[in-house]
Structures are given as C-alpha cells and as structure tokens.
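S.K.: Have a peek at entry_18.txt (compact mmCIF, C-alpha atoms and all ligand atoms).
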```
# COMPACT_ATOMS: atom_id res chain seq x y z
CA MET A 1339 8.03 22.37 -5.64
CA THR A 1340 7.90 18.59 -5.72
CA PRO A 1341 9.25 17.23 -2.41
CA PRO A 1342 12.38 15.05 -2.46
CA VAL A 1343 11.84 11.52 -3.71
CA PRO A 1344 11.23 9.20 -0.76
CA PRO A 1345 13.71 6.39 -0.21
CA VAL A 1346 12.66 2.88 -1.21
CA PRO A 1347 11.73 1.02 1.99
CA ARG A 1348 13.76 -1.87 3.31
CA PRO A 1349 12.16 -5.25 2.68
CA PRO A 1350 10.00 -6.47 5.56
CA THR A 1351 11.84 -8.47 8.19
CA PRO A 1352 10.50 -10.26 11.24
CA PRO A 1353 10.95 -8.50 14.59
CA THR A 1354 14.59 -8.58 15.66
CA PRO A 1355 15.01 -9.94 19.17
CA THR A 1356 16.30 -7.32 21.58
CA SER A 1357 15.90 -7.16 25.29
CA ILE A 1358 13.09 -5.42 27.12
CA PRO A 1359 14.02 -1.87 28.19
CA ALA A 1360 14.70 -1.61 31.94
CA VAL A 1361 11.83 0.83 32.38
CA PHE A 1362 9.31 -1.86 31.36
CA ARG A 1363 10.74 -4.77 33.37
CA ASP A 1364 8.20 -4.31 36.17
CA SER A 1365 5.32 -3.72 33.82
CA ASP A 1366 2.19 -5.89 34.16
CA ILE A 1367 2.72 -6.85 30.52
CA ALA A 1368 6.51 -7.40 30.70
CA ASP A 1369 6.00 -11.10 29.89
CA LEU A 1370 3.97 -10.19 26.79
CA VAL A 1371 6.61 -7.73 25.64
CA GLU A 1372 9.20 -10.51 26.07
CA LYS A 1373 6.98 -12.93 24.18
CA ARG A 1374 6.77 -10.64 21.13
CA LEU A 1375 10.47 -9.83 21.31
CA GLY A 1376 11.05 -13.58 21.08
CA GLY A 1377 8.64 -13.83 18.12
CA GLU A 1378 6.12 -15.85 20.15
CA ARG A 1379 2.46 -15.70 19.16
CA LEU A 1380 0.07 -14.05 21.62
CA THR A 1381 -3.02 -15.86 22.89
CA PHE A 1382 -6.62 -14.76 23.47
CA ASP A 1383 -5.89 -14.08 27.17
CA ASP A 1384 -2.78 -12.11 26.22
CA GLY A 1385 -4.91 -9.97 23.92
CA VAL A 1386 -7.38 -9.19 26.69
CA ARG A 1387 -4.50 -8.29 29.02
CA LEU A 1388 -3.15 -5.88 26.42
CA PHE A 1389 -6.52 -4.11 26.28
CA THR A 1390 -6.70 -3.82 30.07
CA THR A 1391 -3.07 -2.96 30.87
CA SER A 1392 -2.43 0.31 32.62
CA ASP A 1393 1.08 0.35 31.14
CA VAL A 1394 0.29 1.95 27.82
CA GLY A 1395 3.94 2.99 27.52
CA ALA A 1396 5.02 -0.64 27.30
CA LEU A 1397 2.17 -1.44 24.89
CA GLY A 1398 3.08 1.42 22.58
CA TRP A 1399 6.77 0.56 22.74
CA ILE A 1400 6.39 -3.09 21.74
CA ALA A 1401 3.89 -2.28 18.98
CA ASN A 1402 6.23 0.36 17.59
CA HIS A 1403 9.19 -2.00 17.89
CA GLU A 1404 7.33 -4.51 15.81
CA ARG A 1405 6.29 -1.88 13.26
CA GLU A 1406 9.86 -0.64 12.88
CA ALA A 1407 11.28 -4.15 12.62
CA ARG A 1408 8.93 -4.78 9.69
CA HIS A 1409 8.91 -1.41 7.97
CA GLY A 1410 11.54 0.85 9.52
CA ASP A 1411 10.35 4.45 9.25
CA THR A 1412 8.44 3.85 6.07
CA THR A 1413 4.85 5.07 6.06
CA TYR A 1414 2.84 4.15 3.01
CA TYR A 1415 0.29 6.38 1.36
CA LEU A 1416 -1.43 6.25 -2.02
CA LYS A 1417 -3.21 8.43 -4.52
CA ASN A 1418 -6.78 7.21 -4.47
CA ARG A 1419 -10.37 8.28 -4.97
CA HIS A 1420 -13.48 7.01 -3.25
CA ILE A 1421 -16.60 6.32 -5.26
CA ASN A 1422 -19.64 6.16 -2.94
CA TYR A 1423 -22.08 5.55 -5.79
CA SER A 1424 -25.23 5.38 -3.65
CA ASN A 1425 -26.25 5.44 -0.01
CA VAL A 1426 -29.56 3.65 -0.58
CA CYS A 1427 -29.42 0.40 1.36
CA LYS A 1428 -31.61 -2.61 2.17
CA TYR A 1429 -30.11 -2.82 5.65
CA ASP A 1430 -30.40 -0.29 8.46
CA CYS A 1431 -27.29 -0.94 10.55
CA PHE A 1432 -27.64 1.09 13.72
CA PHE A 1433 -24.13 2.57 13.58
CA CYS A 1434 -24.57 3.86 10.03
CA SER A 1435 -25.22 7.53 9.30
CA PHE A 1436 -24.74 7.11 5.58
CA TYR A 1437 -27.76 4.86 4.96
CA ARG A 1438 -31.07 5.96 3.39
CA SER A 1439 -33.93 3.53 2.81
CA SER A 1440 -34.94 4.88 -0.61
CA LYS A 1441 -33.71 7.33 -3.18
CA ASP A 1442 -36.63 9.66 -2.40
CA GLU A 1443 -35.49 10.17 1.17
CA ASP A 1444 -33.75 13.39 2.17
CA GLY A 1445 -30.00 13.09 1.72
CA ALA A 1446 -30.20 10.03 -0.56
CA TRP A 1447 -28.32 9.71 -3.83
CA GLU A 1448 -27.93 7.13 -6.53
CA TRP A 1449 -25.50 7.66 -9.39
CA SER A 1450 -25.86 6.15 -12.80
CA VAL A 1451 -22.81 4.32 -14.13
CA GLU A 1452 -22.09 7.35 -16.28
CA GLU A 1453 -22.26 9.66 -13.23
CA ALA A 1454 -19.80 7.44 -11.36
CA LEU A 1455 -17.44 7.54 -14.34
CA GLU A 1456 -17.85 11.30 -14.63
CA HIS A 1457 -16.96 11.73 -10.96
CA VAL A 1458 -13.41 10.43 -11.53
CA ARG A 1459 -12.91 11.34 -15.20
CA PRO A 1460 -10.93 14.49 -14.30
CA TYR A 1461 -8.25 12.23 -12.76
CA ARG A 1462 -7.49 10.25 -15.93
CA GLY A 1463 -3.77 10.00 -16.49
CA THR A 1464 -2.85 11.57 -13.14
CA GLY A 1465 -1.26 8.47 -11.64
CA LEU A 1466 -4.17 7.43 -9.42
CA LYS A 1467 -3.37 4.07 -7.90
CA GLU A 1468 -6.72 2.98 -6.53
CA PHE A 1469 -10.46 3.49 -6.68
CA HIS A 1470 -12.18 2.55 -3.43
CA ILE A 1471 -15.82 1.81 -4.25
CA VAL A 1472 -18.42 1.31 -1.53
CA GLY A 1473 -22.15 1.95 -1.52
CA GLY A 1474 -25.16 0.69 0.34
CA VAL A 1475 -26.66 -2.70 -0.46
CA HIS A 1476 -28.99 -1.28 -3.05
CA PRO A 1477 -32.39 -2.99 -3.27
CA ASP A 1478 -33.07 -2.46 -6.99
CA LEU A 1479 -29.92 -2.06 -9.06
CA PRO A 1480 -29.16 -5.04 -11.30
CA PHE A 1481 -25.83 -6.89 -11.05
CA SER A 1482 -24.93 -5.50 -14.48
CA TYR A 1483 -24.80 -1.99 -12.90
CA TYR A 1484 -21.76 -3.06 -10.87
CA THR A 1485 -19.97 -4.93 -13.65
CA ASP A 1486 -20.64 -2.05 -16.08
CA MET A 1487 -19.16 0.39 -13.57
CA LEU A 1488 -16.03 -1.77 -13.18
CA ARG A 1489 -15.65 -2.17 -16.95
CA GLY A 1490 -16.14 1.54 -17.55
CA LEU A 1491 -13.58 2.48 -14.94
CA LYS A 1492 -11.02 0.00 -16.27
CA ALA A 1493 -11.49 1.24 -19.82
CA GLU A 1494 -10.89 4.86 -18.80
CA HIS A 1495 -8.26 4.23 -16.11
CA PRO A 1496 -6.37 1.07 -17.07
CA GLU A 1497 -3.51 1.93 -14.69
CA THR A 1498 -5.72 2.28 -11.59
CA ALA A 1499 -6.53 -0.72 -9.37
CA ILE A 1500 -10.15 -1.17 -8.31
CA LYS A 1501 -10.88 -2.06 -4.69
CA ALA A 1502 -14.61 -2.51 -4.60
CA PHE A 1503 -17.65 -3.75 -2.70
CA THR A 1504 -17.53 -5.01 0.86
CA ALA A 1505 -18.15 -8.68 1.62
CA ILE A 1506 -21.72 -7.68 2.52
CA GLU A 1507 -22.35 -6.26 -0.95
CA ILE A 1508 -20.72 -9.26 -2.59
CA ALA A 1509 -22.76 -11.71 -0.50
CA TYR A 1510 -25.86 -9.82 -1.62
CA PHE A 1511 -24.81 -10.10 -5.29
CA GLY A 1512 -24.91 -13.87 -4.71
CA GLU A 1513 -28.53 -13.62 -3.56
CA LEU A 1514 -29.40 -11.23 -6.36
CA THR A 1515 -28.04 -13.44 -9.12
CA GLY A 1516 -28.56 -16.85 -7.54
CA GLN A 1517 -24.86 -17.52 -8.06
CA SER A 1518 -22.22 -18.83 -5.67
CA ILE A 1519 -19.83 -16.34 -4.10
CA HIS A 1520 -17.08 -17.85 -6.22
CA ASP A 1521 -18.99 -17.22 -9.45
CA VAL A 1522 -19.92 -13.66 -8.44
CA LEU A 1523 -16.28 -12.92 -7.70
CA VAL A 1524 -15.17 -14.39 -11.03
CA GLU A 1525 -17.61 -12.08 -12.84
CA LEU A 1526 -16.48 -9.08 -10.82
CA ARG A 1527 -12.82 -9.95 -11.41
CA ASP A 1528 -13.39 -10.36 -15.14
CA ALA A 1529 -15.05 -6.94 -15.17
CA GLY A 1530 -12.08 -5.29 -13.42
CA LEU A 1531 -12.18 -5.97 -9.67
CA ASP A 1532 -8.65 -6.15 -8.25
CA MET A 1533 -9.22 -6.13 -4.50
CA VAL A 1534 -11.94 -6.30 -1.87
CA PRO A 1535 -12.03 -3.67 0.91
CA GLY A 1536 -12.27 -4.62 4.57
CA GLY A 1537 -15.69 -3.22 5.41
CA GLY A 1538 -18.77 -4.98 6.71
CA ALA A 1539 -16.77 -6.88 9.34
CA GLU A 1540 -17.99 -4.64 12.21
CA VAL A 1541 -17.55 -7.02 15.19
CA PHE A 1542 -17.91 -10.71 14.35
CA ALA A 1543 -19.56 -11.80 17.62
CA ASP A 1544 -23.20 -12.84 17.06
CA ARG A 1545 -24.27 -10.92 20.17
CA VAL A 1546 -22.97 -7.64 18.74
CA ARG A 1547 -24.19 -8.23 15.19
CA TYR A 1548 -27.65 -9.04 16.51
CA LYS A 1549 -27.76 -5.70 18.29
CA VAL A 1550 -26.18 -3.44 15.67
CA CYS A 1551 -26.60 -4.99 12.22
CA ARG A 1552 -28.80 -8.06 12.46
CA ALA A 1553 -30.25 -7.84 8.94
CA LYS A 1554 -27.05 -8.20 6.99
CA ALA A 1555 -24.70 -11.08 6.25
CA ASP A 1556 -23.27 -12.71 9.36
CA ALA A 1557 -19.64 -13.30 10.25
CA ASP A 1558 -19.49 -16.71 8.54
CA ARG A 1559 -20.66 -15.17 5.29
CA TRP A 1560 -18.08 -12.35 5.61
CA PHE A 1561 -15.37 -14.99 5.96
CA GLU A 1562 -16.80 -17.04 3.10
CA VAL A 1563 -16.45 -14.04 0.77
CA HIS A 1564 -12.89 -13.23 1.85
CA GLU A 1565 -11.80 -16.85 1.66
CA ALA A 1566 -13.29 -17.22 -1.80
CA ALA A 1567 -11.53 -14.03 -2.91
CA HIS A 1568 -8.20 -15.29 -1.59
CA ALA A 1569 -8.68 -18.62 -3.37
CA LEU A 1570 -9.03 -16.65 -6.61
CA GLY A 1571 -5.90 -14.63 -5.86
CA ILE A 1572 -7.89 -11.47 -5.05
CA PRO A 1573 -6.35 -9.81 -1.98
CA THR A 1574 -8.59 -8.27 0.65
CA ASN A 1575 -8.42 -6.02 3.70
CA ALA A 1576 -10.11 -6.44 7.06
CA THR A 1577 -11.61 -3.94 9.50
CA MET A 1578 -13.10 -3.88 12.98
CA LEU A 1579 -15.59 -1.21 14.01
CA TYR A 1580 -14.74 -0.59 17.67
CA GLY A 1581 -15.94 1.68 20.43
CA HIS A 1582 -19.68 1.03 20.71
CA ILE A 1583 -21.24 -1.94 22.54
CA GLU A 1584 -18.58 -4.60 22.07
CA THR A 1585 -16.60 -6.06 24.97
CA LEU A 1586 -12.82 -6.28 25.01
CA GLU A 1587 -13.13 -10.07 24.71
CA GLU A 1588 -15.26 -9.63 21.58
CA ARG A 1589 -12.57 -7.39 20.10
CA VAL A 1590 -9.87 -9.97 20.72
CA ASP A 1591 -12.05 -12.75 19.35
CA HIS A 1592 -12.60 -10.67 16.19
CA ILE A 1593 -8.90 -10.07 15.65
CA LEU A 1594 -7.98 -13.70 16.28
CA ARG A 1595 -10.59 -14.89 13.78
CA LEU A 1596 -8.84 -12.70 11.23
CA ARG A 1597 -5.50 -14.22 12.25
CA ASP A 1598 -6.93 -17.72 11.69
CA LEU A 1599 -8.13 -16.71 8.22
CA GLN A 1600 -4.71 -15.35 7.40
CA ASP A 1601 -3.00 -18.55 8.59
CA LYS A 1602 -5.25 -20.42 6.20
CA THR A 1603 -5.06 -18.20 3.10
CA GLY A 1604 -2.45 -15.43 3.45
CA GLY A 1605 -4.74 -13.15 1.44
CA LEU A 1606 -5.21 -10.25 3.88
CA MET A 1607 -3.12 -7.24 2.97
CA SER A 1608 -3.97 -4.86 5.77
CA TYR A 1609 -5.96 -4.52 8.95
CA ILE A 1610 -7.84 -1.28 9.64
CA PRO A 1611 -9.37 -0.67 13.07
CA LEU A 1612 -12.28 1.73 12.47
CA ARG A 1613 -13.14 4.16 15.24
CA TYR A 1614 -16.88 4.47 15.76
CA HIS A 1615 -18.31 7.91 14.95
CA PRO A 1616 -21.50 8.56 16.94
CA ASP A 1617 -23.18 11.45 15.10
CA ASN A 1618 -26.43 11.01 13.17
CA ASN A 1619 -26.94 7.32 13.87
CA ILE A 1620 -29.36 5.58 16.20
CA LEU A 1621 -26.82 3.34 17.93
CA SER A 1622 -25.46 6.24 19.97
CA ARG A 1623 -28.93 7.70 20.76
CA GLY A 1624 -26.98 10.73 21.91
CA LYS A 1625 -25.46 8.64 24.71
CA LEU A 1626 -22.41 6.94 23.20
CA GLY A 1627 -19.42 9.19 22.66
CA ALA A 1628 -16.58 8.56 20.23
CA PRO A 1629 -13.91 6.19 21.58
CA SER A 1630 -11.08 7.99 23.37
CA GLY A 1631 -7.78 8.78 21.70
CA LEU A 1632 -6.09 6.23 23.92
CA ASP A 1633 -8.55 3.54 22.90
CA ALA A 1634 -7.85 4.37 19.26
CA LEU A 1635 -4.10 3.94 19.82
CA LYS A 1636 -4.63 0.70 21.76
CA ASN A 1637 -6.64 -0.73 18.89
CA VAL A 1638 -3.86 0.05 16.44
CA ALA A 1639 -1.17 -1.37 18.74
CA ILE A 1640 -3.06 -4.54 19.64
CA GLY A 1641 -3.96 -5.15 16.01
CA ARG A 1642 -0.24 -4.93 15.21
CA LEU A 1643 0.72 -7.33 18.01
CA LEU A 1644 -1.99 -9.98 17.57
CA LEU A 1645 -1.93 -10.03 13.77
CA ASP A 1646 1.63 -11.27 13.51
CA ASN A 1647 0.81 -12.69 10.06
CA VAL A 1648 -0.65 -9.50 8.50
CA GLN A 1649 1.94 -7.19 7.03
CA HIS A 1650 0.20 -3.82 7.18
CA ILE A 1651 -1.79 -1.89 9.78
CA LYS A 1652 -3.62 1.12 8.44
CA ALA A 1653 -4.23 4.33 10.41
CA TYR A 1654 -7.07 5.60 8.24
CA TRP A 1655 -6.59 9.35 8.70
CA ILE A 1656 -10.12 10.22 7.51
CA MET A 1657 -11.60 8.39 10.45
CA LEU A 1658 -8.91 8.85 13.10
CA GLY A 1659 -8.27 12.52 12.44
CA ILE A 1660 -4.91 13.76 11.24
CA LYS A 1661 -3.28 14.17 14.65
CA MET A 1662 -4.36 10.76 15.94
CA ALA A 1663 -3.23 9.17 12.69
CA GLN A 1664 0.18 10.79 13.15
CA LEU A 1665 0.43 9.30 16.65
CA ALA A 1666 -0.73 5.91 15.40
CA LEU A 1667 2.35 5.81 13.17
CA SER A 1668 4.36 5.28 16.37
CA TRP A 1669 1.87 2.77 17.80
CA GLY A 1670 2.07 0.07 15.16
CA ALA A 1671 0.62 1.56 11.97
CA ASP A 1672 2.70 1.75 8.78
CA ASP A 1673 0.03 3.03 6.37
CA ILE A 1674 -2.11 6.17 6.45
CA ASP A 1675 -4.32 5.49 3.37
CA GLY A 1676 -4.70 8.12 0.68
CA THR A 1677 -5.65 11.41 -0.86
CA VAL A 1678 -9.33 10.28 -1.01
CA THR A 1679 -11.18 13.56 -1.99
CA TRP A 1680 -14.89 12.75 -1.49
CA GLU A 1681 -15.71 10.57 1.49
CA ARG A 1682 -19.24 10.16 2.85
CA ILE A 1683 -19.43 7.27 5.35
CA TYR A 1684 -17.50 9.02 8.14
CA HIS A 1685 -18.40 12.57 7.27
CA MET A 1686 -22.12 11.81 7.54
CA ALA A 1687 -21.29 10.29 10.95
CA GLY A 1688 -19.58 13.42 12.21
CA ALA A 1689 -15.94 13.13 11.11
CA LYS A 1690 -14.35 16.58 11.25
CA THR A 1691 -11.41 15.75 8.98
CA PRO A 1692 -11.18 17.26 5.50
CA GLU A 1693 -12.61 15.00 2.79
CA GLY A 1694 -9.30 14.80 1.00
CA MET A 1695 -5.66 15.90 1.12
CA THR A 1696 -3.16 16.79 -1.55
CA GLU A 1697 -0.27 14.41 -1.94
CA GLU A 1698 2.08 17.13 -0.70
CA ARG A 1699 0.08 17.64 2.50
CA LEU A 1700 -0.14 13.89 3.10
CA GLN A 1701 3.65 13.63 2.79
CA GLU A 1702 4.04 16.56 5.17
CA VAL A 1703 1.71 14.93 7.72
CA ILE A 1704 3.86 11.79 7.62
CA ARG A 1705 7.12 13.74 7.90
CA GLU A 1706 5.74 15.78 10.83
CA ALA A 1707 5.24 12.43 12.59
CA GLY A 1708 8.94 11.63 12.09
CA ARG A 1709 8.33 9.04 9.40
CA THR A 1710 9.33 8.64 5.77
CA PRO A 1711 6.49 8.86 3.24
CA VAL A 1712 6.56 6.21 0.52
CA GLU A 1713 3.96 6.27 -2.21
CA ARG A 1714 2.55 2.80 -2.83
CA ASP A 1715 0.22 1.21 -5.29
CA ALA A 1716 -2.90 -0.67 -4.20
CA PHE A 1717 -0.82 -3.79 -3.50
CA TYR A 1718 1.84 -2.07 -1.38
CA ASN A 1719 4.47 -1.96 -4.09
CA PRO A 1720 6.42 1.27 -3.72
CA VAL A 1721 5.84 3.53 -6.70
CA ALA A 1722 9.15 4.04 -8.45
CA PRO A 1723 9.91 7.77 -8.67
CA ALA A 1724 10.04 7.66 -12.47
CA GLN A 1725 6.46 6.38 -12.55
CA THR A 1726 5.14 9.26 -10.49
CA ALA A 1727 2.82 11.02 -12.90
CA GLU A 1728 1.72 14.63 -13.05
CA LYS A 1729 0.69 16.25 -9.79
CA VAL A 1730 -2.83 15.52 -8.52
CA THR A 1731 -4.50 18.21 -6.52
CA ALA A 1732 -7.28 17.10 -4.23
O1 LIG A 1801 -18.24 -1.53 7.27
C1 LIG A 1801 -20.01 2.77 9.12
C2 LIG A 1801 -17.80 1.55 9.00
C3 LIG A 1801 -17.12 0.61 7.04
C4 LIG A 1801 -19.61 4.11 10.77
O2 LIG A 1801 -10.33 -1.67 2.97
C5 LIG A 1801 -18.46 3.39 10.50
O3 LIG A 1801 -8.87 -0.08 2.80
C6 LIG A 1801 -17.36 4.48 12.17
O4 LIG A 1801 -14.67 -0.61 5.16
N1 LIG A 1801 -18.45 5.19 12.51
C7 LIG A 1801 -16.88 0.88 5.57
N2 LIG A 1801 -17.33 3.57 11.18
C8 LIG A 1801 -15.51 1.54 5.32
C9 LIG A 1801 -14.42 0.54 5.13
C10 LIG A 1801 -13.02 0.95 4.87
C11 LIG A 1801 -12.57 2.18 5.27
C12 LIG A 1801 -11.24 2.51 4.99
C13 LIG A 1801 -10.40 1.66 4.33
C14 LIG A 1801 -10.87 0.42 3.93
C15 LIG A 1801 -9.98 -0.51 3.18
C16 LIG A 1801 -12.18 0.05 4.21
O5 LIG A 1801 -17.32 1.84 7.71
C17 LIG A 1801 -18.34 -0.16 7.44
C18 LIG A 1801 -18.44 0.18 8.91
O6 LIG A 1801 -17.69 -0.69 9.67
N3 LIG A 1801 -18.74 2.56 9.48
N4 LIG A 1801 -20.56 3.72 9.90
C19 LIG A 1801 -19.60 5.05 11.84
N5 LIG A 1801 -20.68 5.73 12.22
```
Written as structure tokens, that's how I'd like the structure from this file.
Ligand code: V47
M.R.:
Amino acid sequence: MTPPVPPVPRPPTPPTPTSIPAVFRDSDIADLVEKRLGGERLTFDDGVRLFTTSDVGALGWIANHEREARHGDTTYYLKNRHINYSNVCKYDCFFCSFYRSSKDEDGAWEWSVEEALEHVRPYRGTGLKEFHIVGGVHPDLPFSYYTDMLRGLKAEHPETAIKAFTAIEIAYFGELTGQSIHDVLVELRDAGLDMVPGGGAEVFADRVRYKVCRAKADADRWFEVHEAAHALGIPTNATMLYGHIETLEERVDHILRLRDLQDKTGGLMSYIPLRYHPDNNILSRGKLGAPSGLDALKNVAIGRLLLDNVQHIKAYWIMLGIKMAQLALSWGADDIDGTVTWERIYHMAGAKTPEGMTEERLQEVIREAGRTPVERDAFYNPVAPAQTAEKVTA
C-alpha cells in the first residue's frame, strides 16, 4: 500500500526568537544559544566552543530549534541512483578505500559509457529525481567519455537531474583539456550537468591536505570550481570529511570558509558532514577508529548553527548509519538523502548500512524519528503527489 501523501512543507523562515529554556541558563554555551535565538552570527571562537562544550543537551536543542524554525518537521528525501563509473584514480588519498591505481588491480572497475547507461536503464520512467555520479580521477579516459555519459543519461532520462563530478574531477578536466574551469563547466552543463556534488572538500586546511591528500587539487581550486559553477547558475553541495587527523579549529575554519563562499554566491544548496570510515585505507593504519556517535551529532549540529546562510543540512544515512541518521534529524539535519541502491565509496571503507533502501522504508525511517517525510527533487522542490510516478523498488 502506498503510504499517505506527505504534507507540503511550510516555506523556510528564519529562526523565531524565543527565550532560552531555564534548564540551559547555566550552560557554558548559554550565551551562544542566546546569540542564535537572536539571529546573531557565530564567530570562529564560538564554533570552537561549540565543539568543546560539555553541554551537548544545549547544543542539540539550539540546533534543533534552528532546524524546526526553518523546516518544521519536514525531512526531505529523494529517489536517486549513484553511478560510480570507475574507481581507477590518479590520486591515492590516504582515507580512500575505493581507489585503485589501474584497471588491472584487484577490485578495480571501469565502465564504458554504455555500461553506465545500462546500469540505470531499468529505472527509466520510474520518477528518479537524481543521478549522483562520482568516480576516481581517471588517468586515461578522454573528456568526451564524461560528456557522452551525461548526454546519454539525459537522452534516456530527461526528467532526472544529474549531479556529477566532484570539484577535484572537474579541476582535472581543466588540466586534461587545457580549458578554464568556466569552459569545462559550460561543456558539462551543455551535455546535461545540473549540479555539482560536495565531495573532494575533505578538510580545507593545508596541513591536513598535505597529510591525507596532497596530490589532488587544493582548497583554493575546490573553491574556484564551486564559485565558477555558482556564477553559471549551477548549484553545488559542500562536504567535510571529519574524524581523522583534523583539529577542531581546522573543522571550524573549514565550515566558515564555506559560509564565506555562500555569502559571496548563494550557490550552496546543502552541507553534508561526512563521517570518516577507517576500514581498508592506509590513513587509519588500524589505529584510527570511526568518529563517535556524539561527534557525528556535534558535526551536524555545528554545521547547522555556523552555516546560517545554507538552507539544508544532510544526514547522509549511507555513511551515518540509519539509527544515527534518525537522531541527526533532531540535531539540525532536515535531509536524509535518497534510495541510492549501489554505493561503493563508503561500503569499501567499511560502512555496514545497506546499499539502498526502498522509498517506503526511507519514509518509515523518517517517521520513526518523529518527522514528516517529503519527497524532493534534486533542487529541494517538494514533489507534488500527482507527479509521483510508479513505485521504484531498490
Ligand atoms: O570526497 C572517501 C569521502 C567523498 C571516505 O553532494 C570518505 O549530495 C568517509 O562527496 N570515509 C565523496 N568518507 C562522496 C561525496 C558525497 C556523498 C554524499 C552526498 C553528496 C552530495 C556528496 O567521500 C570524498 C571523501 O570526502 N570519503 N573515503 C572514507 N573512508
């Protein structure tokens, strides 16, 4: 049976001023709670204090207050499919379990354009709202491989938005073709690109990048790609890979650099804190564990509070786990991502979540968390019930 049609969410509103609950008046972050209740922007030092507070109750409360003021109970989800077309990559980032240096290595794959199209062909006409395409930075494929894939997907799925290629891949396309980032993006857009995902951001601090991903594009280049996309009207997401060697100050610096970008362009749609998975990659060397559940919730909450100019915070269930993602919906997150189906980046790094969920199960997960599921398209427009197409089973 199809579940009842979700209500259309209220339009976003800024946080409504209310007073701080009595129980938090003696909190070490009471002044920061008051600041956000008054709509005041938090500073770098405030961000660090939020990460170090022992009053996680107050932190969760203010983040949730802000989430509910913007989105009420609404929790967005979408029908999507990931296309991880290849894991062959020029760069060997130390946190990555997905990477293989050549297609002859054990566990490597490389799809032809036709194989990528075949992978999602069964979902034609099923109301898919987004393809999320990410691969390695492939050393040999020509630029036409990527534009052909976009064109092929658009021809077969004209109703599905394409979110493709991290800033790192796009920066590489510039090197590959000798073109500017702007020109690469124009070609990708003309071939069917609608959005750029948030990956490749890791942690922006040079110190961290040097230790975990020194070969690939640096933070300035990541920002150059996102800014150029925004200038062309292509929205993007942003991530932060937390829970490895970064300091709390480096986390706050990362988030505030995103806030500065958003002040400048307004093109970021959502922020996704990514919880480091330690299996099968050399960064952990068997010594680093996964970040704690509390750290995961703090990252969601602090993202919500510092990024006062970004509308959506995503609790990516694939990477957080279903139960943590449910909790995150009361710690600042308003989006849980999608039905997905075949995900490799986190599962090769030890994620224990399923690789996909049916739409019905995703709605149930959201309802179990006391929230109202609202299907969205790639751009966060609620999908009108009449547009909901035939059922998709993951
Ligand atoms: O940039 C790689 C991360 C990212 C590991 O835009 C790891 O909607 C944890 O960007 N443990 C790619 N994380 C995925 C990505 C993404 C995911 C979900 C939604 C969106 C969006 C974007 O995955 C990489 C890197 O930061 N990653 N290895 C690992 N072992």
S.K.: Report, in Å to a single decimal, how far apart CA of His1476 in chain A and CA of Asp1444 in chain A are.
M.R.: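 Rounded to one decimal, the two atoms are 16.3 Å apart.
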S.K.: Which one of A:Gln1701, A:Thr1710, A:Thr1585, A:Asn1618 sits closest to ligand LIG 1801 (chain A) if you count all atoms listed in the file?
M.R.: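 With all atoms listed in the file as the atom set, the closest residue is A:Asn1618.
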S.K.: Using only C-alpha atoms, determine which residues lie at most 9 Å from range 1639-1654 of chain A, disregarding the query and same-chain residues fewer than 4 positions distant; provide the list as number ranges by chain.
M.R.: A: 1350, 1374, 1377, 1379-1382, 1384-1385, 1388-1389, 1397-1398, 1400-1402, 1404-1405, 1408, 1414, 1590, 1593-1594, 1596-1597, 1600-1601, 1604-1612, 1634-1635, 1658-1660, 1662-1664, 1666-1676, 1718
S.K.: Please tabulate, as CSV, the residues of chain A that come within 9 Å of ligand LIG 1801 (chain A), each with its closest pair of atoms and the distance in Å to one decimal, counting only C-alpha atoms and all ligand atoms and ordering rows by chain, then residue number upward.
M.R.:
```
residue,atom,partner,partner_atom,distance
A:Cys1431,CA,A:LIG1801,N4,8.2
A:Phe1432,CA,A:LIG1801,N4,8.5
A:Phe1433,CA,A:LIG1801,N5,4.9
A:Cys1434,CA,A:LIG1801,N4,4.0
A:Ser1435,CA,A:LIG1801,N5,5.7
A:Phe1436,CA,A:LIG1801,N4,6.9
A:Tyr1437,CA,A:LIG1801,N4,8.8
A:His1470,CA,A:LIG1801,O3,7.5
A:Val1472,CA,A:LIG1801,C7,7.3
A:Gly1473,CA,A:LIG1801,C7,8.9
A:Lys1501,CA,A:LIG1801,O2,7.7
A:Ala1502,CA,A:LIG1801,O2,8.7
A:Phe1503,CA,A:LIG1801,O4,9.0
A:Thr1504,CA,A:LIG1801,O4,6.8
A:Ile1506,CA,A:LIG1801,O1,8.5
A:Met1533,CA,A:LIG1801,O2,8.8
A:Val1534,CA,A:LIG1801,O2,6.9
A:Pro1535,CA,A:LIG1801,O2,3.3
A:Gly1536,CA,A:LIG1801,O2,3.9
A:Gly1537,CA,A:LIG1801,O4,2.8
A:Gly1538,CA,A:LIG1801,O1,3.5
A:Ala1539,CA,A:LIG1801,O1,5.9
A:Glu1540,CA,A:LIG1801,O6,4.7
A:Val1541,CA,A:LIG1801,O6,8.4
A:Thr1574,CA,A:LIG1801,O2,7.2
A:Asn1575,CA,A:LIG1801,O2,4.8
A:Ala1576,CA,A:LIG1801,O2,6.3
A:Thr1577,CA,A:LIG1801,O4,6.3
A:Met1578,CA,A:LIG1801,O6,6.5
A:Leu1579,CA,A:LIG1801,O6,4.8
A:Tyr1580,CA,A:LIG1801,C6,7.9
A:Gly1581,CA,A:LIG1801,C6,8.8
A:Ser1608,CA,A:LIG1801,O3,7.5
A:Tyr1609,CA,A:LIG1801,O2,7.9
A:Ile1610,CA,A:LIG1801,C13,6.6
A:Pro1611,CA,A:LIG1801,C12,8.9
A:Leu1612,CA,A:LIG1801,N2,5.5
A:Arg1613,CA,A:LIG1801,C6,5.2
A:Tyr1614,CA,A:LIG1801,C6,3.6
A:His1615,CA,A:LIG1801,N1,3.7
A:Pro1616,CA,A:LIG1801,N5,5.6
A:Asp1617,CA,A:LIG1801,N5,6.9
A:Asn1618,CA,A:LIG1801,N5,7.9
A:Asn1619,CA,A:LIG1801,N5,6.7
A:Leu1621,CA,A:LIG1801,N5,8.7
A:Ala1628,CA,A:LIG1801,N1,8.6
A:Lys1652,CA,A:LIG1801,O3,7.8
A:Tyr1654,CA,A:LIG1801,C12,6.1
A:Ile1656,CA,A:LIG1801,C12,8.2
A:Met1657,CA,A:LIG1801,C6,7.2
A:Asp1675,CA,A:LIG1801,O3,7.2
A:Ile1683,CA,A:LIG1801,N4,5.9
A:Tyr1684,CA,A:LIG1801,C19,5.8
A:His1685,CA,A:LIG1801,N5,8.7
A:Met1686,CA,A:LIG1801,N5,7.8
A:Ala1687,CA,A:LIG1801,N5,4.8
A:Gly1688,CA,A:LIG1801,N5,7.8
A:Ala1689,CA,A:LIG1801,N1,8.4
```
S.K.: CA of Ala1446 in chain A and CA of Gly1512 in chain A, how far apart in Å?
M.R.: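 A separation of 24.8 Å between them.
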S.K.: Which of these, A:Lys1602, A:His1564, A:Asp1430, A:Pro1573, has the shortest distance to Val1550 in chain A once you count all atoms listed in the file?
M.R.: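 For Val1550 in chain A, the nearest of the given residues is A:Asp1430.
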S.K.: Hey, could you pull the box centre and edge lengths for range 1633-1647 of chain A, axis-aligned, 4 Å padding per side, all listed atoms, to one decimal in Å, as lines of an AutoDock Vina configuration file?
M.R.:
```
center_x = -3.5
center_y = -4.2
center_z = 16.5
size_x = 18.2
size_y = 25.1
size_z = 20.8
```
S.K.: CA of Tyr1415 in chain A to CA of Glu1468 in chain A: how many Å, to one decimal?
M.R.: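 Between CA of Tyr1415 in chain A and CA of Glu1468 in chain A the gap is 11.1 Å.
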